>>> print(open('coords_18.cif').read())   # mmCIF, C-alpha atoms and all ligand atoms
data_entry
#
loop_
_atom_site.label_atom_id
_atom_site.label_comp_id
_atom_site.auth_asym_id
_atom_site.auth_seq_id
_atom_site.Cartn_x
_atom_site.Cartn_y
_atom_site.Cartn_z
CA MET A 1 -125.19 -43.56 -35.44
CA SER A 2 -125.29 -42.77 -31.75
CA PHE A 3 -122.78 -44.30 -29.36
CA GLN A 4 -123.20 -47.81 -28.00
CA ALA A 5 -121.57 -49.42 -24.96
CA PRO A 6 -118.39 -51.24 -26.10
CA LYS A 7 -118.73 -54.89 -27.18
CA GLY A 8 -118.89 -57.24 -24.21
CA THR A 9 -120.10 -54.53 -21.83
CA PHE A 10 -123.57 -53.37 -20.87
CA ASP A 11 -125.36 -50.89 -18.67
CA TRP A 12 -127.18 -51.73 -15.46
CA LEU A 13 -130.38 -49.70 -15.49
CA PRO A 14 -133.16 -49.24 -12.91
CA PRO A 15 -134.90 -51.20 -11.56
CA ARG A 16 -132.49 -54.13 -12.19
CA SER A 17 -129.54 -52.03 -11.10
CA GLU A 18 -131.00 -51.89 -7.59
CA ARG A 19 -131.08 -55.66 -7.50
CA ILE A 20 -127.44 -55.95 -8.54
CA LEU A 21 -126.45 -53.71 -5.63
CA ALA A 22 -128.38 -56.02 -3.31
CA VAL A 23 -126.63 -59.08 -4.82
CA ARG A 24 -123.19 -57.56 -4.20
CA GLU A 25 -124.19 -56.78 -0.63
CA ALA A 26 -125.52 -60.28 -0.01
CA LEU A 27 -122.36 -61.96 -1.32
CA ALA A 28 -120.18 -59.73 0.86
CA ALA A 29 -122.26 -59.96 4.05
CA PRO A 30 -120.92 -63.34 5.25
CA LEU A 31 -117.34 -62.03 4.92
CA ARG A 32 -118.07 -59.02 7.08
CA GLY A 33 -119.39 -61.38 9.71
CA ALA A 34 -116.17 -63.41 9.68
CA GLY A 35 -113.55 -60.73 10.29
CA TYR A 36 -112.65 -59.88 6.69
CA GLY A 37 -111.72 -56.20 6.20
CA TYR A 38 -112.63 -54.25 3.06
CA ILE A 39 -109.85 -53.39 0.61
CA GLU A 40 -109.94 -51.25 -2.54
CA THR A 41 -107.06 -51.43 -4.95
CA PRO A 42 -106.53 -49.46 -8.18
CA VAL A 43 -108.39 -50.54 -11.28
CA PHE A 44 -105.07 -50.58 -13.15
CA GLU A 45 -101.71 -51.95 -12.08
CA ASP A 46 -98.21 -52.49 -13.43
CA THR A 47 -98.62 -55.03 -16.26
CA GLN A 48 -95.87 -57.20 -14.77
CA LEU A 49 -97.94 -57.78 -11.62
CA PHE A 50 -100.47 -59.81 -13.59
CA ALA A 51 -97.95 -61.28 -16.03
CA ARG A 52 -96.03 -62.78 -13.13
CA GLY A 53 -98.90 -63.32 -10.70
CA VAL A 54 -101.55 -64.81 -12.97
CA GLY A 55 -98.94 -66.42 -15.26
CA GLU A 56 -97.61 -65.74 -18.77
CA SER A 57 -98.99 -68.99 -20.14
CA THR A 58 -102.61 -68.36 -19.10
CA ASP A 59 -105.26 -67.18 -21.55
CA ILE A 60 -105.85 -64.20 -19.28
CA VAL A 61 -102.30 -62.89 -19.63
CA SER A 62 -101.51 -64.06 -23.16
CA LYS A 63 -104.77 -63.00 -24.84
CA GLU A 64 -107.18 -61.13 -22.63
CA MET A 65 -105.51 -58.20 -20.92
CA TYR A 66 -106.37 -54.57 -21.56
CA THR A 67 -102.79 -53.28 -21.59
CA PHE A 68 -101.79 -49.73 -22.47
CA PRO A 69 -98.84 -47.39 -22.06
CA ASP A 70 -99.45 -44.30 -19.95
CA LYS A 71 -98.10 -40.92 -21.02
CA ALA A 72 -94.78 -41.61 -19.27
CA GLY A 73 -94.39 -44.91 -21.12
CA ARG A 74 -95.22 -47.25 -18.21
CA SER A 75 -97.09 -50.39 -19.20
CA LEU A 76 -100.33 -50.58 -17.26
CA THR A 77 -103.14 -53.15 -17.36
CA LEU A 78 -106.79 -52.94 -16.33
CA ARG A 79 -107.12 -55.60 -13.62
CA PRO A 80 -108.36 -58.93 -14.96
CA GLU A 81 -108.75 -60.28 -11.39
CA GLY A 82 -108.20 -59.16 -7.82
CA THR A 83 -105.87 -61.63 -6.11
CA ALA A 84 -102.53 -60.33 -7.47
CA SER A 85 -103.51 -56.78 -6.47
CA VAL A 86 -104.45 -57.79 -2.93
CA VAL A 87 -101.17 -59.65 -2.44
CA ARG A 88 -99.30 -56.65 -3.86
CA ALA A 89 -101.08 -54.31 -1.43
CA VAL A 90 -100.43 -56.58 1.58
CA LEU A 91 -96.71 -56.74 0.72
CA GLN A 92 -96.45 -53.01 -0.08
CA HIS A 93 -98.02 -51.98 3.24
CA ASN A 94 -96.37 -54.70 5.25
CA LEU A 95 -99.72 -55.91 6.53
CA HIS A 96 -98.29 -59.39 6.98
CA ALA A 97 -96.11 -58.04 9.81
CA GLY A 98 -99.29 -57.82 11.93
CA GLN A 99 -101.66 -60.54 12.98
CA LEU A 100 -102.07 -63.46 10.60
CA PRO A 101 -104.00 -64.35 8.64
CA VAL A 102 -104.64 -61.00 6.97
CA LYS A 103 -108.27 -61.30 5.86
CA MET A 104 -109.55 -59.00 3.13
CA TRP A 105 -112.59 -58.73 0.90
CA TYR A 106 -113.20 -56.59 -2.18
CA SER A 107 -115.88 -55.82 -4.70
CA GLY A 108 -115.24 -54.31 -8.09
CA SER A 109 -114.96 -54.31 -11.87
CA GLN A 110 -112.66 -56.70 -13.69
CA PHE A 111 -111.65 -56.56 -17.34
CA ARG A 112 -110.89 -59.40 -19.73
CA TYR A 113 -110.85 -59.25 -23.50
CA GLU A 114 -112.82 -62.49 -23.89
CA ARG A 115 -115.12 -63.73 -26.63
CA ALA A 116 -118.30 -62.06 -25.45
CA GLN A 117 -121.42 -64.18 -24.95
CA LYS A 118 -124.16 -64.55 -22.38
CA GLY A 119 -122.48 -64.73 -18.97
CA ARG A 120 -119.05 -63.90 -20.38
CA TYR A 121 -118.32 -60.22 -20.54
CA ARG A 122 -115.33 -57.97 -21.08
CA HIS A 123 -116.28 -55.86 -18.10
CA PHE A 124 -117.73 -57.79 -15.18
CA TRP A 125 -118.00 -57.56 -11.43
CA GLN A 126 -116.55 -59.77 -8.73
CA VAL A 127 -116.90 -59.93 -4.98
CA GLY A 128 -113.71 -61.52 -3.69
CA ALA A 129 -112.02 -62.60 -0.49
CA GLU A 130 -108.41 -63.43 0.34
CA ALA A 131 -106.78 -64.71 3.54
CA LEU A 132 -102.99 -64.47 3.71
CA GLY A 133 -100.36 -65.79 6.05
CA SER A 134 -101.79 -69.08 7.32
CA GLU A 135 -101.51 -72.56 5.93
CA ASP A 136 -104.50 -74.05 7.67
CA PRO A 137 -107.16 -76.27 6.09
CA ALA A 138 -109.75 -74.61 8.34
CA LEU A 139 -109.14 -71.36 6.48
CA ASP A 140 -109.78 -73.02 3.11
CA ALA A 141 -112.96 -74.55 4.53
CA GLU A 142 -114.03 -71.24 6.08
CA LEU A 143 -113.79 -69.42 2.77
CA ILE A 144 -115.68 -72.12 0.88
CA LEU A 145 -118.39 -72.01 3.53
CA LEU A 146 -118.69 -68.23 3.35
CA GLY A 147 -119.06 -68.38 -0.43
CA ALA A 148 -121.73 -71.06 -0.17
CA ARG A 149 -123.55 -69.03 2.46
CA GLY A 150 -123.59 -65.96 0.18
CA PHE A 151 -125.27 -67.93 -2.62
CA ALA A 152 -127.71 -69.57 -0.20
CA SER A 153 -128.68 -66.21 1.29
CA LEU A 154 -129.90 -65.15 -2.15
CA GLY A 155 -132.16 -68.17 -2.27
CA LEU A 156 -130.08 -70.02 -4.89
CA GLU A 157 -130.58 -73.78 -4.74
CA ASN A 158 -128.94 -74.99 -7.91
CA VAL A 159 -125.31 -74.20 -7.00
CA THR A 160 -122.87 -77.12 -6.84
CA LEU A 161 -119.43 -76.99 -5.28
CA LEU A 162 -116.62 -78.76 -7.18
CA LEU A 163 -113.49 -79.52 -5.17
CA ASN A 164 -109.98 -80.62 -6.08
CA SER A 165 -106.39 -80.40 -4.94
CA LEU A 166 -103.60 -79.44 -7.34
CA GLY A 167 -100.75 -80.52 -5.06
CA ASP A 168 -97.79 -78.36 -4.14
CA LYS A 169 -94.22 -77.77 -5.24
CA ALA A 170 -93.22 -81.13 -3.78
CA CYS A 171 -95.64 -83.31 -5.76
CA ARG A 172 -96.86 -81.20 -8.69
CA PRO A 173 -93.66 -81.46 -10.82
CA ALA A 174 -93.81 -85.27 -10.90
CA TYR A 175 -97.52 -85.16 -11.78
CA ARG A 176 -96.91 -82.55 -14.45
CA ALA A 177 -94.22 -84.74 -16.04
CA ALA A 178 -96.52 -87.80 -15.96
CA LEU A 179 -99.34 -85.81 -17.52
CA GLN A 180 -97.05 -84.41 -20.22
CA GLU A 181 -95.86 -87.88 -21.10
CA PHE A 182 -99.45 -89.04 -21.48
CA LEU A 183 -100.48 -85.97 -23.52
CA ARG A 184 -97.50 -86.20 -25.88
CA GLY A 185 -98.84 -89.56 -27.03
CA LEU A 186 -102.18 -88.10 -28.17
CA ASP A 187 -103.32 -86.82 -31.54
CA LEU A 188 -103.49 -83.07 -30.91
CA ASP A 189 -103.24 -79.94 -33.07
CA ALA A 190 -100.13 -77.77 -32.98
CA ASP A 191 -101.55 -75.19 -30.56
CA THR A 192 -102.57 -77.84 -28.06
CA ARG A 193 -99.22 -79.62 -28.41
CA ALA A 194 -97.55 -76.31 -27.56
CA ARG A 195 -99.81 -76.02 -24.52
CA VAL A 196 -98.76 -79.51 -23.39
CA GLU A 197 -95.23 -78.16 -23.03
CA ILE A 198 -96.14 -74.88 -21.32
CA ASN A 199 -99.25 -75.55 -19.26
CA PRO A 200 -100.28 -79.22 -19.51
CA LEU A 201 -102.95 -78.98 -16.78
CA ARG A 202 -104.96 -76.61 -18.96
CA VAL A 203 -105.27 -79.28 -21.63
CA LEU A 204 -107.45 -81.27 -19.20
CA ASP A 205 -109.88 -78.36 -19.35
CA ASP A 206 -110.14 -78.42 -23.17
CA LYS A 207 -113.86 -78.64 -23.91
CA ARG A 208 -113.61 -79.97 -27.49
CA PRO A 209 -115.09 -83.49 -27.76
CA GLU A 210 -112.22 -84.80 -29.91
CA VAL A 211 -109.78 -83.80 -27.16
CA GLN A 212 -112.00 -84.94 -24.28
CA ALA A 213 -112.39 -88.36 -25.90
CA GLN A 214 -108.63 -88.88 -25.78
CA LEU A 215 -108.35 -87.75 -22.16
CA THR A 216 -110.01 -90.74 -20.52
CA GLY A 217 -107.18 -92.49 -18.75
CA ALA A 218 -105.14 -89.31 -18.28
CA PRO A 219 -103.24 -89.36 -14.98
CA LEU A 220 -105.10 -87.46 -12.27
CA VAL A 221 -103.47 -85.18 -9.77
CA VAL A 222 -105.31 -86.81 -6.83
CA ASP A 223 -103.38 -90.00 -7.52
CA HIS A 224 -100.08 -88.13 -7.34
CA LEU A 225 -100.49 -86.04 -4.18
CA CYS A 226 -97.68 -86.23 -1.62
CA ALA A 227 -98.62 -87.30 1.90
CA ALA A 228 -98.75 -83.71 3.21
CA CYS A 229 -101.07 -82.54 0.40
CA GLU A 230 -103.27 -85.58 0.79
CA ALA A 231 -103.66 -85.05 4.55
CA TYR A 232 -104.37 -81.36 3.99
CA HIS A 233 -107.02 -82.12 1.39
CA GLU A 234 -108.66 -84.75 3.59
CA GLU A 235 -108.92 -82.23 6.41
CA VAL A 236 -110.59 -79.63 4.13
CA ARG A 237 -113.04 -82.28 2.95
CA SER A 238 -113.83 -83.43 6.46
CA LEU A 239 -114.38 -79.88 7.75
CA LEU A 240 -116.75 -79.17 4.88
CA ALA A 241 -118.64 -82.40 5.50
CA ALA A 242 -118.87 -81.64 9.22
CA SER A 243 -120.34 -78.20 8.41
CA GLY A 244 -122.95 -79.73 6.16
CA VAL A 245 -121.58 -78.27 2.92
CA ALA A 246 -122.19 -80.63 0.02
CA PHE A 247 -119.38 -80.90 -2.55
CA ASP A 248 -118.42 -83.03 -5.52
CA ASP A 249 -114.84 -84.21 -5.85
CA ASP A 250 -113.74 -83.22 -9.32
CA PRO A 251 -110.27 -84.57 -10.06
CA ARG A 252 -110.33 -82.84 -13.47
CA LEU A 253 -110.97 -79.37 -12.06
CA VAL A 254 -108.14 -77.09 -13.16
CA ARG A 255 -108.32 -73.34 -12.93
CA GLY A 256 -107.44 -70.69 -15.50
CA LEU A 257 -104.81 -69.00 -13.33
CA ASP A 258 -101.30 -70.34 -12.65
CA TYR A 259 -100.89 -69.43 -8.99
CA TYR A 260 -102.93 -72.26 -7.47
CA THR A 261 -101.56 -74.92 -5.13
CA ARG A 262 -103.45 -77.56 -3.16
CA THR A 263 -107.15 -76.67 -2.63
CA THR A 264 -109.02 -75.50 -5.73
CA PHE A 265 -112.75 -75.20 -6.11
CA GLU A 266 -115.51 -73.82 -8.26
CA PHE A 267 -119.16 -73.02 -7.62
CA VAL A 268 -121.19 -73.93 -10.70
CA HIS A 269 -124.83 -73.29 -11.46
CA GLY A 270 -127.00 -75.72 -13.36
CA GLY A 271 -129.03 -73.13 -15.27
CA LEU A 272 -126.32 -71.15 -17.03
CA GLY A 273 -125.21 -73.29 -19.99
CA SER A 274 -121.54 -73.14 -20.87
CA GLN A 275 -120.61 -70.21 -18.60
CA SER A 276 -121.65 -72.11 -15.52
CA ALA A 277 -119.00 -71.02 -12.98
CA VAL A 278 -120.53 -68.50 -10.61
CA GLY A 279 -117.39 -68.42 -8.49
CA GLY A 280 -114.01 -70.00 -8.03
CA GLY A 281 -110.84 -69.92 -6.05
CA GLY A 282 -108.26 -71.84 -4.15
CA ARG A 283 -104.95 -71.78 -2.35
CA TYR A 284 -101.94 -69.93 -3.80
CA ASP A 285 -99.00 -70.60 -1.50
CA GLY A 286 -96.30 -69.47 -3.95
CA LEU A 287 -97.84 -66.23 -5.21
CA SER A 288 -96.16 -63.89 -2.74
CA GLU A 289 -92.73 -65.22 -3.73
CA MET A 290 -93.60 -64.82 -7.43
CA LEU A 291 -94.15 -61.15 -6.60
CA ASP A 292 -90.77 -60.88 -4.79
CA GLY A 293 -92.36 -61.17 -1.35
CA PRO A 294 -91.52 -63.55 1.50
CA PRO A 295 -93.22 -66.94 1.74
CA LEU A 296 -96.82 -66.04 2.53
CA PRO A 297 -99.39 -68.77 1.97
CA GLY A 298 -102.83 -67.62 0.88
CA VAL A 299 -106.28 -68.80 -0.07
CA GLY A 300 -109.26 -66.99 -1.55
CA TRP A 301 -112.07 -66.86 -4.05
CA ALA A 302 -113.95 -64.52 -6.33
CA LEU A 303 -117.66 -64.79 -7.06
CA GLY A 304 -119.01 -63.47 -10.35
CA VAL A 305 -121.77 -61.00 -9.57
CA ASP A 306 -123.17 -60.81 -13.13
CA ARG A 307 -123.40 -64.59 -13.38
CA THR A 308 -124.95 -64.82 -9.92
CA PHE A 309 -127.63 -62.45 -11.17
CA LEU A 310 -128.21 -64.66 -14.24
CA ALA A 311 -128.43 -67.68 -11.93
CA MET A 312 -131.09 -65.93 -9.86
CA GLU A 313 -132.97 -65.12 -13.03
CA ALA A 314 -132.75 -68.78 -14.09
CA GLU A 315 -134.23 -69.86 -10.74
CA GLY A 316 -137.03 -67.30 -10.99
CA LEU A 317 -135.80 -65.41 -7.95
CA LEU A 318 -136.13 -61.96 -9.51
CA ASP A 319 -139.72 -60.80 -9.34
CA ASP A 320 -140.74 -58.33 -12.00
CA HIS A 321 -142.46 -55.94 -9.65
CA ALA A 322 -140.96 -52.55 -10.16
CA ARG A 323 -140.02 -51.74 -6.63
CA SER A 324 -141.27 -48.41 -5.36
CA ARG A 325 -138.72 -45.67 -5.78
CA VAL A 326 -140.24 -43.35 -3.19
CA GLN A 327 -142.95 -43.33 -0.53
CA VAL A 328 -144.51 -39.96 -1.34
CA TYR A 329 -144.98 -38.10 -4.63
CA GLY A 330 -145.77 -34.40 -4.88
CA VAL A 331 -148.27 -33.11 -7.46
CA PRO A 332 -148.08 -29.29 -7.56
CA LEU A 333 -150.57 -27.42 -9.73
CA GLY A 334 -149.27 -23.96 -10.67
CA GLU A 335 -146.17 -21.87 -10.04
CA GLU A 336 -146.72 -21.01 -6.40
CA ALA A 337 -147.68 -24.60 -5.57
CA ARG A 338 -144.47 -25.82 -7.23
CA ARG A 339 -142.38 -23.59 -4.99
CA ARG A 340 -144.19 -24.81 -1.85
CA MET A 341 -144.05 -28.45 -2.93
CA PHE A 342 -140.29 -28.16 -3.48
CA LEU A 343 -139.91 -27.17 0.18
CA ILE A 344 -142.32 -29.85 1.47
CA VAL A 345 -140.51 -32.58 -0.45
CA ASN A 346 -137.20 -31.46 1.04
CA GLU A 347 -138.71 -31.42 4.52
CA LEU A 348 -140.09 -34.93 4.02
CA ARG A 349 -136.69 -36.21 2.94
CA ALA A 350 -135.02 -34.57 5.93
CA ALA A 351 -137.58 -36.32 8.14
CA GLY A 352 -136.62 -39.70 6.64
CA VAL A 353 -139.56 -40.08 4.24
CA SER A 354 -138.43 -40.74 0.66
CA ALA A 355 -140.13 -38.35 -1.71
CA ASP A 356 -140.14 -37.12 -5.29
CA MET A 357 -142.35 -34.68 -7.19
CA ALA A 358 -143.54 -33.85 -10.70
CA PHE A 359 -141.11 -31.59 -12.54
CA GLY A 360 -141.51 -29.63 -15.74
CA GLY A 361 -144.89 -28.00 -15.02
CA LYS A 362 -147.03 -31.08 -15.72
CA GLY A 363 -150.81 -30.88 -15.43
CA LEU A 364 -152.83 -33.00 -12.99
CA LYS A 365 -153.13 -36.00 -15.32
CA GLY A 366 -149.45 -36.16 -16.26
CA ALA A 367 -148.34 -35.60 -12.68
CA MET A 368 -150.64 -38.35 -11.33
CA LYS A 369 -149.18 -40.73 -13.92
CA GLY A 370 -145.76 -39.88 -12.49
CA ALA A 371 -147.08 -40.63 -9.00
CA ASP A 372 -148.28 -44.08 -10.15
CA ARG A 373 -145.00 -44.90 -11.86
CA SER A 374 -142.99 -43.91 -8.80
CA GLY A 375 -144.66 -46.64 -6.81
CA ALA A 376 -145.40 -44.14 -4.03
CA GLY A 377 -148.06 -44.99 -1.46
CA PHE A 378 -149.26 -41.38 -1.20
CA ALA A 379 -149.62 -38.42 -3.55
CA LEU A 380 -149.68 -34.86 -2.22
CA ILE A 381 -151.89 -32.70 -4.43
CA LEU A 382 -151.45 -28.98 -4.01
CA GLY A 383 -153.64 -26.59 -6.01
CA GLU A 384 -154.45 -22.87 -5.73
CA ARG A 385 -157.47 -23.46 -3.50
CA ASP A 386 -155.37 -25.63 -1.16
CA LEU A 387 -152.72 -22.93 -0.96
CA ALA A 388 -155.30 -20.36 0.03
CA ALA A 389 -156.51 -22.71 2.77
CA GLU A 390 -152.89 -23.57 3.83
CA ALA A 391 -153.74 -27.23 3.26
CA VAL A 392 -152.82 -30.10 0.95
CA GLN A 393 -154.76 -33.13 -0.34
CA VAL A 394 -153.16 -36.43 0.73
CA LYS A 395 -154.27 -39.20 -1.60
CA ASN A 396 -153.71 -42.81 -0.59
CA LEU A 397 -152.78 -44.39 -3.92
CA THR A 398 -153.68 -47.88 -2.80
CA ASP A 399 -157.35 -47.24 -1.96
CA ALA A 400 -157.78 -43.78 -3.63
CA GLU A 401 -159.02 -42.26 -0.38
CA GLN A 402 -158.25 -38.56 -0.13
CA THR A 403 -157.98 -36.39 3.00
CA GLU A 404 -157.16 -32.75 3.53
CA VAL A 405 -154.23 -32.06 5.85
CA PRO A 406 -152.98 -28.64 7.06
CA LEU A 407 -149.66 -27.78 5.39
CA ALA A 408 -148.05 -27.23 8.79
CA LYS A 409 -148.83 -30.82 9.78
CA VAL A 410 -148.27 -32.70 6.54
CA VAL A 411 -144.73 -33.92 7.31
CA ASP A 412 -145.78 -35.36 10.68
CA VAL A 413 -148.91 -36.93 9.25
CA LEU A 414 -146.99 -38.63 6.44
CA LYS A 415 -144.26 -39.78 8.78
CA GLY A 416 -146.97 -41.56 10.75
CA LYS A 417 -148.55 -43.05 7.62
CA VAL A 418 -145.45 -44.49 5.94
CA GLN A 419 -143.94 -46.09 9.03
P1 LIG B 1 -111.84 -66.72 -11.92
O1 LIG B 1 -112.30 -68.14 -11.91
O2 LIG B 1 -111.07 -66.28 -13.09
O3 LIG B 1 -110.99 -66.53 -10.59
O4 LIG B 1 -113.08 -65.75 -11.75
C1 LIG B 1 -113.99 -65.91 -10.67
C2 LIG B 1 -115.42 -65.75 -11.16
O5 LIG B 1 -115.58 -64.52 -11.85
C3 LIG B 1 -115.87 -66.80 -12.16
O6 LIG B 1 -116.28 -67.98 -11.51
C4 LIG B 1 -117.03 -66.10 -12.85
O7 LIG B 1 -118.21 -66.20 -12.07
C5 LIG B 1 -116.58 -64.65 -12.85
N1 LIG B 1 -116.04 -64.31 -14.18
C6 LIG B 1 -114.80 -64.57 -14.65
N2 LIG B 1 -114.67 -64.13 -15.92
C7 LIG B 1 -115.85 -63.58 -16.26
C8 LIG B 1 -116.36 -62.93 -17.44
N3 LIG B 1 -115.61 -62.75 -18.53
N4 LIG B 1 -117.65 -62.49 -17.44
C9 LIG B 1 -118.44 -62.65 -16.33
N5 LIG B 1 -118.01 -63.24 -15.20
C10 LIG B 1 -116.73 -63.70 -15.16
C11 LIG B 1 -110.39 -65.36 -10.23
O8 LIG B 1 -110.58 -64.30 -10.74
C12 LIG B 1 -109.48 -65.52 -9.02
N6 LIG B 1 -108.87 -64.22 -8.73
C13 LIG B 1 -110.28 -66.04 -7.84
C14 LIG B 1 -109.42 -66.21 -6.62
C15 LIG B 1 -109.35 -65.35 -5.57
N7 LIG B 1 -108.58 -67.19 -6.39
C16 LIG B 1 -107.98 -67.00 -5.24
N8 LIG B 1 -108.42 -65.87 -4.73
#
>>> encode(input="coords_18.cif", output="structure tokens")
Amino acid sequence: MSFQAPKGTFDWLPPRSERILAVREALAAPLRGAGYGYIETPVFEDTQLFARGVGESTDIVSKEMYTFPDKAGRSLTLRPEGTASVVRAVLQHNLHAGQLPVKMWYSGSQFRYERAQKGRYRHFWQVGAEALGSEDPALDAELILLGARGFASLGLENVTLLLNSLGDKACRPAYRAALQEFLRGLDLDADTRARVEINPLRVLDDKRPEVQAQLTGAPLVVDHLCAACEAYHEEVRSLLAASGVAFDDDPRLVRGLDYYTRTTFEFVHGGLGSQSAVGGGGRYDGLSEMLDGPPLPGVGWALGVDRTFLAMEAEGLLDDHARSRVQVYGVPLGEEARRRMFLIVNELRAAGVSADMAFGGKGLKGAMKGADRSGAGFALILGERDLAAEAVQVKNLTDAEQTEVPLAKVVDVLKGKVQ
């Protein structure tokens, strides 16, 4: 059997692949306009970076990492997310010694060994943003706004913003203890009971109906916020409201990564079934210290590009029209014509006109089929008689009208026609 892409991965092929590039661009554009600089970090990092940063008790670290030893015996891991890497890079290059906040955005592959299904892949793409060094509710609100603007710019209308606060190191411990006490009284299986002791907040996120049914009445973090966290959260909410961003308070929203403090949020789409989160993020004021850095508060998000594409599909925003690959298509008939056409096509490209031609010595019929499929507006037909006359037939593929143009003028004529 021939090779297949590994389970949980897939290929992006034309013409859809062009659309996914446009989606990445659209999600990143608002960040560029808000002073975020582009950062690229390695696709693999020291395993400990994620173990400590994302948290040993998370599903990501305990079950989903692609970890391997390199030839010198170092343990490396394909990045399952981007935040830990960005914080690592900021600390390594001392970027926090300059102006704060350090604002960065990134776009790239992430890897998680998850149960593959529609919208949940083992290799997926995120566009992300992080702002480090300021504890300011306006920064949380700015990021949320920029994410919402990215989705809106793609025409998406069915995206909802869920908002919560997870408290900080002053109030979270007391909440955690109260939650644990409540959860210990429930009828749970051994695995879940173990989770109550390690990561009780995650139990709130358990989707099984028999667990959910027991969770009504569970203590909520919003009722346990300290005064500082409450004031901070109110300010984020009021800035969002003032900017006209709709959000739903979701006191049960917990995230799958351990580094969050205070503001947490998720963008969910109504047309995606169970894998509904098209993006998520929040504040992570302790992460730098977990990575042996100085106190360096941070906030950020990552948007799932693959899921955003599925959301667009669900809203009917992806038209099926194969977009035209080129503006002009060359149809050479015979050896000498092929040589001349090769040069004309290169001249057209140099003049800013996108062009392709028939390869492989196709006859008129096959070559014209190629012209149609390319979506070009014009075909250049060059036969022996044309060569002798130093001319070429320019066929308008929309109305089938054909004119003869001197070879010496064809680039200029086409430049005029396609503009
Ligand atoms: P996350 O919620 O794990 O957060 O991922 C963000 C988004 O990536 C999700 O909302 C989803 O759209 C997409 N995503 C996650 N896993 C998959 C998957 N298996 N297949 C397809 N798409 C997926 C983070 O990664 C944090 N680093 C976000 C952040 C940045 N927080 C602060 N700064």
>>> residues_near_ligand(input="coords_18.cif", ligand="ligand LIG 1 (chain B)", cutoff="9 Å", atoms="only C-alpha atoms and all ligand atoms", output="ChimeraX atom specification")
/A:8,54,60,80-84,110-131,255-257,259-260,264,266-268,275-284,298-308
>>> residues_around(input="coords_18.cif", residues="Glu336 in chain A", least_positions_apart="3", cutoff="9 Å", atoms="only C-alpha atoms", output="PyMOL selection string")
chain A and resi 332-333+339-341+383-384+387
>>> residues_around(input="coords_18.cif", residues="range 373-381 of chain A", least_positions_apart="5", cutoff="10 Å", atoms="only C-alpha atoms", output="PyMOL selection string")
chain A and resi 321-333+337+341+344-345+354-357+364+367-368+386+391-405+410+414+417-418
>>> atom_distance(input="coords_18.cif", atom1="CA of Asp168 in chain A", atom2="CA of Met104 in chain A")
23.8 Å
>>> atom_distance(input="coords_18.cif", atom1="CA of Arg74 in chain A", atom2="CA of Val43 in chain A")
15.2 Å
>>> closest_residue(input="coords_18.cif", among="A:Arg79, A:Leu201, A:Gly416, A:Gly316", to="Ala178 in chain A", atoms="all atoms listed in the file")
A:Leu201
>>> residues_around(input="coords_18.cif", residues="Arg52 in chain A", least_positions_apart="5", cutoff="12 Å", atoms="all atoms listed in the file", output="PDB file with C-alpha atoms, in the coordinates of the input")
ATOM      1  CA  ASP A  46     -98.210 -52.490 -13.430  1.00  0.00           C
ATOM      2  CA  THR A  47     -98.620 -55.030 -16.260  1.00  0.00           C
ATOM      3  CA  SER A  57     -98.990 -68.990 -20.140  1.00  0.00           C
ATOM      4  CA  THR A  58    -102.610 -68.360 -19.100  1.00  0.00           C
ATOM      5  CA  ILE A  60    -105.850 -64.200 -19.280  1.00  0.00           C
ATOM      6  CA  VAL A  61    -102.300 -62.890 -19.630  1.00  0.00           C
ATOM      7  CA  SER A  62    -101.510 -64.060 -23.160  1.00  0.00           C
ATOM      8  CA  ALA A  84    -102.530 -60.330  -7.470  1.00  0.00           C
ATOM      9  CA  SER A  85    -103.510 -56.780  -6.470  1.00  0.00           C
ATOM     10  CA  ARG A  88     -99.300 -56.650  -3.860  1.00  0.00           C
ATOM     11  CA  LEU A 257    -104.810 -69.000 -13.330  1.00  0.00           C
ATOM     12  CA  ASP A 258    -101.300 -70.340 -12.650  1.00  0.00           C
ATOM     13  CA  TYR A 259    -100.890 -69.430  -8.990  1.00  0.00           C
ATOM     14  CA  GLY A 286     -96.300 -69.470  -3.950  1.00  0.00           C
ATOM     15  CA  LEU A 287     -97.840 -66.230  -5.210  1.00  0.00           C
ATOM     16  CA  SER A 288     -96.160 -63.890  -2.740  1.00  0.00           C
ATOM     17  CA  GLU A 289     -92.730 -65.220  -3.730  1.00  0.00           C
ATOM     18  CA  MET A 290     -93.600 -64.820  -7.430  1.00  0.00           C
ATOM     19  CA  LEU A 291     -94.150 -61.150  -6.600  1.00  0.00           C
ATOM     20  CA  ASP A 292     -90.770 -60.880  -4.790  1.00  0.00           C
TER      21      ASP A 292
END
>>> closest_residue(input="coords_18.cif", among="A:Leu215, A:Thr41, A:Phe3, A:Leu163", to="Thr263 in chain A", atoms="all atoms listed in the file")
A:Leu163
>>> closest_residue(input="coords_18.cif", among="A:Phe359, A:Trp105, A:Tyr232, A:Tyr38", to="Leu146 in chain A", atoms="only C-alpha atoms")
A:Trp105
>>> closest_residue(input="coords_18.cif", among="A:Ala22, A:Leu296, A:Asp59, A:Pro69", to="Glu45 in chain A", atoms="all atoms listed in the file")
A:Pro69
>>> closest_residue(input="coords_18.cif", among="A:Leu186, A:Glu230, A:Val196, A:Thr77", to="Gln214 in chain A", atoms="all atoms listed in the file")
A:Leu186
